[in-house]
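Note: the block below is coords.cif and it holds mmCIF, C-alpha atoms.
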data_entry
loop_
_atom_site.label_atom_id
_atom_site.label_comp_id
_atom_site.auth_asym_id
_atom_site.auth_seq_id
_atom_site.Cartn_x
_atom_site.Cartn_y
_atom_site.Cartn_z
CA MET A 1 -124.75 22.66 110.27
CA PRO A 2 -122.33 19.74 110.06
CA ASP A 3 -122.38 17.62 113.19
CA GLY A 4 -118.66 16.79 112.99
CA LYS A 5 -119.13 13.19 114.13
CA THR A 6 -117.33 10.14 112.83
CA LYS A 7 -117.84 6.52 113.72
CA ALA A 8 -115.23 7.01 116.43
CA ASP A 9 -116.09 10.30 118.13
CA ASP A 10 -112.52 10.84 119.31
CA VAL A 11 -111.17 10.79 115.72
CA PRO A 12 -111.04 14.24 114.05
CA ASP A 13 -113.40 14.58 111.10
CA PRO A 14 -111.38 15.76 108.06
CA ALA A 15 -114.53 16.93 106.26
CA LEU A 16 -115.57 19.08 109.21
CA ALA A 17 -112.05 20.48 109.50
CA ALA A 18 -112.08 21.47 105.81
CA PHE A 19 -115.58 22.91 106.27
CA GLU A 20 -114.45 25.12 109.17
CA ILE A 21 -111.34 26.28 107.30
CA SER A 22 -113.54 27.19 104.31
CA ALA A 23 -115.80 29.33 106.49
CA ARG A 24 -112.88 31.11 108.17
CA LEU A 25 -111.16 31.88 104.86
CA VAL A 26 -114.31 33.31 103.31
CA LEU A 27 -114.98 35.47 106.38
CA ALA A 28 -111.36 36.66 106.25
CA GLY A 29 -111.70 37.62 102.59
CA ARG A 30 -109.07 35.10 101.46
CA TYR A 31 -111.14 33.91 98.54
CA GLU A 32 -108.57 32.08 96.41
CA GLU A 33 -107.50 30.02 99.42
CA ALA A 34 -111.15 29.47 100.31
CA LEU A 35 -111.75 27.86 96.92
CA THR A 36 -109.07 25.24 97.62
CA ALA A 37 -110.58 24.50 101.04
CA THR A 38 -114.13 24.28 99.69
CA ASP A 39 -112.99 21.89 96.96
CA GLU A 40 -111.57 19.58 99.60
CA ALA A 41 -114.58 19.79 101.90
CA ALA A 42 -117.05 19.27 99.04
CA ARG A 43 -115.08 16.25 97.80
CA LEU A 44 -115.04 14.64 101.24
CA TYR A 45 -118.77 15.15 101.73
CA ARG A 46 -119.52 13.78 98.26
CA GLU A 47 -117.56 10.63 99.12
CA ARG A 48 -119.58 10.30 102.30
CA ILE A 49 -122.86 10.67 100.42
CA THR A 50 -121.97 8.03 97.82
CA ASP A 51 -120.34 5.56 100.23
CA THR A 52 -122.57 2.48 100.47
CA ARG A 53 -121.61 2.12 104.13
CA THR A 54 -123.12 5.52 104.96
CA GLY A 55 -126.42 5.30 106.84
CA PRO A 56 -129.47 7.32 105.70
CA LEU A 57 -129.24 9.92 108.48
CA GLU A 58 -125.49 10.36 108.00
CA ALA A 59 -126.00 10.74 104.24
CA LEU A 60 -128.63 13.42 104.88
CA GLY A 61 -126.19 15.29 107.09
CA ALA A 62 -123.41 14.97 104.52
CA ALA A 63 -125.66 16.36 101.77
CA ALA A 64 -126.59 19.33 103.94
CA SER A 65 -122.94 19.94 104.79
CA ARG A 66 -121.97 19.81 101.11
CA ALA A 67 -124.70 22.38 100.38
CA TYR A 68 -123.29 24.66 103.09
CA VAL A 69 -119.78 24.29 101.65
CA LEU A 70 -121.07 25.18 98.19
CA VAL A 71 -122.67 28.32 99.63
CA PHE A 72 -119.23 29.36 100.92
CA ARG A 73 -117.70 28.50 97.55
CA CYS A 74 -120.31 30.57 95.72
CA GLU A 75 -119.57 33.51 98.01
CA ALA A 76 -115.85 33.29 97.21
CA LEU A 77 -116.51 32.96 93.48
CA SER A 78 -118.83 35.96 93.49
CA LYS A 79 -116.18 38.11 95.18
CA LEU A 80 -113.74 37.02 92.47
CA GLU A 81 -116.44 37.74 89.81
CA ARG A 82 -116.23 34.22 88.44
CA TRP A 83 -119.92 34.23 87.68
CA GLU A 84 -120.31 31.12 85.50
CA GLU A 85 -118.62 28.96 88.16
CA CYS A 86 -120.68 30.67 90.83
CA LEU A 87 -123.86 29.81 88.92
CA ARG A 88 -122.91 26.13 88.57
CA THR A 89 -121.95 25.94 92.24
CA ALA A 90 -125.11 27.65 93.45
CA SER A 91 -127.30 25.51 91.19
CA GLU A 92 -125.91 22.34 92.75
CA ALA A 93 -126.39 23.76 96.24
CA VAL A 94 -130.03 24.58 95.44
CA ALA A 95 -130.59 21.08 94.04
CA LEU A 96 -129.23 19.56 97.25
CA SER A 97 -131.44 21.75 99.42
CA ARG A 98 -134.55 21.09 97.34
CA SER A 99 -134.04 17.35 97.79
CA GLN A 100 -134.67 17.72 101.52
CA GLN A 101 -137.49 18.95 103.71
CA ALA A 102 -136.61 22.37 105.14
CA ASP A 103 -137.37 21.21 108.70
CA ALA A 104 -135.65 17.82 108.40
CA PRO A 105 -132.66 16.97 110.62
CA PHE A 106 -129.45 18.46 109.17
CA ALA A 107 -131.50 20.07 106.39
CA ALA A 108 -129.53 22.00 103.80
CA PRO A 109 -130.17 25.78 104.02
CA PRO A 110 -132.63 26.45 101.16
CA GLY A 111 -132.78 30.19 101.77
CA ALA A 112 -128.99 30.51 101.76
CA THR A 113 -128.55 28.43 98.61
CA LEU A 114 -131.19 30.48 96.81
CA MET A 115 -129.44 33.70 97.85
CA GLY A 116 -126.25 32.32 96.33
CA LEU A 117 -128.08 31.55 93.10
CA ALA A 118 -129.63 35.03 93.06
CA THR A 119 -126.17 36.58 93.48
CA ALA A 120 -124.81 34.55 90.55
CA LEU A 121 -127.72 35.59 88.34
CA TRP A 122 -127.22 39.24 89.25
CA GLY A 123 -123.56 38.92 88.29
CA LEU A 124 -124.50 37.42 84.93
CA GLY A 125 -126.88 40.28 84.17
CA ARG A 126 -130.10 38.29 84.64
CA PRO A 127 -131.98 40.51 87.14
CA GLN A 128 -135.50 39.13 86.68
CA GLU A 129 -134.38 35.56 87.39
CA ALA A 130 -132.27 36.83 90.29
CA LEU A 131 -135.24 38.62 91.84
CA ALA A 132 -137.36 35.48 91.52
CA MET A 133 -134.74 33.48 93.45
CA ALA A 134 -134.40 36.26 96.02
CA ARG A 135 -138.17 36.34 96.59
CA GLU A 136 -138.26 32.56 97.03
CA SER A 137 -135.41 32.82 99.54
CA VAL A 138 -137.32 35.44 101.55
CA ALA A 139 -140.49 33.33 101.52
CA LEU A 140 -138.60 30.29 102.83
CA TYR A 141 -136.95 32.27 105.60
CA ARG A 142 -140.27 33.83 106.60
CA ARG A 143 -141.74 30.36 107.04
CA LEU A 144 -138.74 29.15 109.04
CA THR A 145 -138.62 32.32 111.15
CA SER A 146 -142.28 32.04 112.08
CA ALA A 147 -141.55 28.58 113.50
CA ASP A 148 -138.20 29.41 115.16
CA PRO A 149 -137.38 33.15 115.29
CA ALA A 150 -134.18 32.70 117.29
CA ALA A 151 -132.66 30.36 114.71
CA HIS A 152 -133.74 32.11 111.52
CA THR A 153 -134.20 35.88 112.04
CA LEU A 154 -130.64 36.56 110.89
CA GLY A 155 -131.21 34.50 107.74
CA LEU A 156 -134.42 36.41 107.04
CA ALA A 157 -132.65 39.74 107.52
CA GLN A 158 -129.92 38.72 105.07
CA ALA A 159 -132.47 37.45 102.55
CA VAL A 160 -134.55 40.64 102.75
CA ASN A 161 -131.44 42.81 102.52
CA ASN A 162 -130.16 41.06 99.39
CA PRO A 163 -132.80 42.34 96.93
CA ALA A 164 -132.83 45.73 98.69
CA ARG A 165 -129.11 46.03 98.00
CA ARG A 166 -129.46 44.98 94.36
CA ARG A 167 -132.56 46.89 93.26
CA SER A 168 -131.36 50.15 91.82
CA VAL A 169 -133.59 50.28 88.74
CA ARG A 170 -136.30 52.94 89.10
CA ASP A 171 -139.11 50.44 88.45
CA HIS A 172 -138.06 48.55 91.58
CA ARG A 173 -137.37 51.53 93.87
CA ARG A 174 -140.58 51.17 95.89
CA ARG A 175 -139.93 47.49 96.54
CA ALA A 176 -136.30 48.23 97.34
CA LEU A 177 -137.37 50.81 99.92
CA ARG A 178 -139.80 48.39 101.53
CA SER A 179 -137.17 45.63 101.67
CA ALA A 180 -134.53 48.00 103.03
CA ARG A 181 -136.84 49.20 105.81
CA GLU A 182 -137.65 45.64 106.82
CA ALA A 183 -133.96 44.69 106.81
CA VAL A 184 -133.14 47.63 109.10
CA ALA A 185 -135.93 46.61 111.49
CA LEU A 186 -134.76 42.98 111.60
CA TYR A 187 -131.12 43.92 112.17
CA ARG A 188 -132.15 46.38 114.90
CA GLN A 189 -133.99 43.52 116.59
CA LEU A 190 -130.88 41.36 116.44
CA ALA A 191 -128.67 44.22 117.63
CA ARG A 192 -130.78 44.69 120.74
CA ASP A 193 -129.84 41.17 121.84
CA ASN A 194 -126.26 41.21 120.56
CA PRO A 195 -125.05 44.72 119.73
CA ALA A 196 -121.37 43.78 119.41
CA VAL A 197 -122.16 41.38 116.58
CA HIS A 198 -124.99 43.14 114.77
CA ARG A 199 -124.40 46.92 115.00
CA ARG A 200 -122.33 46.68 111.82
CA ASP A 201 -125.23 44.85 110.13
CA VAL A 202 -127.56 47.70 111.13
CA ALA A 203 -125.12 50.19 109.61
CA MET A 204 -124.95 48.18 106.37
CA ALA A 205 -128.75 47.99 106.17
CA LEU A 206 -129.05 51.74 106.82
CA GLY A 207 -126.65 52.34 103.94
CA ASN A 208 -128.92 50.34 101.66
CA LEU A 209 -131.92 52.28 102.99
CA ALA A 210 -130.19 55.56 102.22
CA ARG A 211 -129.60 54.46 98.62
CA ALA A 212 -133.20 53.28 98.25
CA HIS A 213 -134.79 56.57 99.38
CA SER A 214 -135.93 58.96 96.68
CA SER A 215 -136.24 61.71 99.30
CA ARG A 216 -132.94 63.51 99.77
CA GLU A 217 -133.73 64.36 103.41
CA ALA A 218 -134.68 60.77 104.31
CA SER A 219 -131.65 59.42 102.47
CA LEU A 220 -129.34 61.81 104.31
CA ALA A 221 -130.85 60.93 107.69
CA ALA A 222 -130.34 57.18 107.10
CA ALA A 223 -126.80 57.75 105.84
CA GLN A 224 -125.90 59.91 108.85
CA GLU A 225 -127.22 57.28 111.29
#
Transcribe the structure of this file into C-alpha cells.
Amino acid sequence: MPDGKTKADDVPDPALAAFEISARLVLAGRYEEALTATDEAARLYRERITDTRTGPLEALGAAASRAYVLVFRCEALSKLERWEECLRTASEAVALSRSQQADAPFAAPPGATLMGLATALWGLGRPQEALAMARESVALYRRLTSADPAAHTLGLAQAVNNPARRRSVRDHRRRALRSAREAVALYRQLARDNPAVHRRDVAMALGNLARAHSSREASLAAAQE
C-alpha cells in the first residue's frame, strides 16, 4: 500500500490523500465521485514516477500506488458498466504489476489487478479470456498466501470467489462448485479471527455456493445458512 511519505514527513501527501478518498468513495458506492478522485490520485502518482528527482525506491512505491488506484477506478467503472474504460484501466494496472516482482517492497498487487481485468472481460462478453485472468489471479494469491497467510488469505478468498460468482454456464458448474466451496472455507477461516468484518463475506460466499449447487437440497441448505 502507499507509504504516504514525502520528503518532509510533516507535510501532507496530496497523492495519498487522493488515494484514501478514492478508496472511501468506492467502498461507499459513490462511483462517479470516485472516478474524479482516482483521476487525481493516478495523475499525482504518474508525475512522481516520471519525475527525474524521484529515487528508485520511491518510484517503485509510486508505481504500486498507481496500480492500486487503477484497481479502485476499475471497480467504479465496472459498477457503472463502462466496460471499455474498465478494460483500458485494468490493462494498465496489470502492466504496472507485471513490471515488478510480487514480493518486492511496495509491489503492485498482481492478483488484484488481474481480478480487475477479469471483471472487465466478463463485462465485455469475453468469458474464456476472463477465466484465464481469474485463474492466474488465484495462482498468484496461492503463492503469496503460502508465504504469508495473514497478509494474503483475504486476497485469495476474493480471487477464488470471483470465478465462482461468474461461472453460471453448465460446462463450468463443477469448477464453480469447487471454487465456491473453497471461498466459503477461506472466508470462514477469516471470520473466526474477525467475525464482525467477515461474517458478511461468509454470507456472500454461501450465496454463490447455493447458486453453484445442482442439488436442490444442498443449494437450499447453503442459502438458508
Next item on the list: Taking the file as shown, find all residues satisfying the PyMOL selection byres ((chain A and resi 18) around 9) and write them as a PyMOL selection string.
Entry: chain A and resi 13-17+19-23+37-42+44
Margin query: Which residues are close to Cys86 of chain A, i.e. within 10 Å by all atoms listed in the file, leaving aside same-chain residues fewer than 6 positions away? Reply as a ChimeraX atom specification.
Written below: /A:70-71,73-80,116-117,119-121,123-124
Item checked: Protein/DNA/RNA residues near (-133.3, 40.9, 105.4), cut 8 Å, all atoms listed in the file, as a list of chain:residue names ->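 These residues have at least one counted atom within 8 Å: A:Val138, A:Leu154, A:Gly155, A:Leu156, A:Ala157, A:Gln158, A:Ala159, A:Val160, A:Asn161, A:Asn162, A:Ser179, A:Ala180, A:Glu182, A:Ala183, A:Val184, A:Leu186, A:Tyr187.
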Notebook entry, point to check: Could you name the residues that touch Met133 of chain A at 7 Å or less, counting all atoms listed in the file, but leaving out those on the same chain fewer than 4 positions away, as a list in words?
Noted result: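 The residues that qualify are Leu114, Met115, Leu117, Ala118, Glu129 and Ser137 of chain A.
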Next item on the list: Determine the residue membership of the PyMOL selection byres ((chain A and resi 143) around 12) for the file above and supply it as a ChimeraX atom specification.
Entry: /A:102-103,110-111,136-142,144-149,151-153,155-156
Next item on the list: Kindly give the distance, in Å, that separates atom CA of Arg88 of chain A and atom CA of Ala134 of chain A, rounded to a single decimal.
Entry: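 Pair atom CA of Arg88 of chain A / atom CA of Ala134 of chain A returns 17.0 Å.
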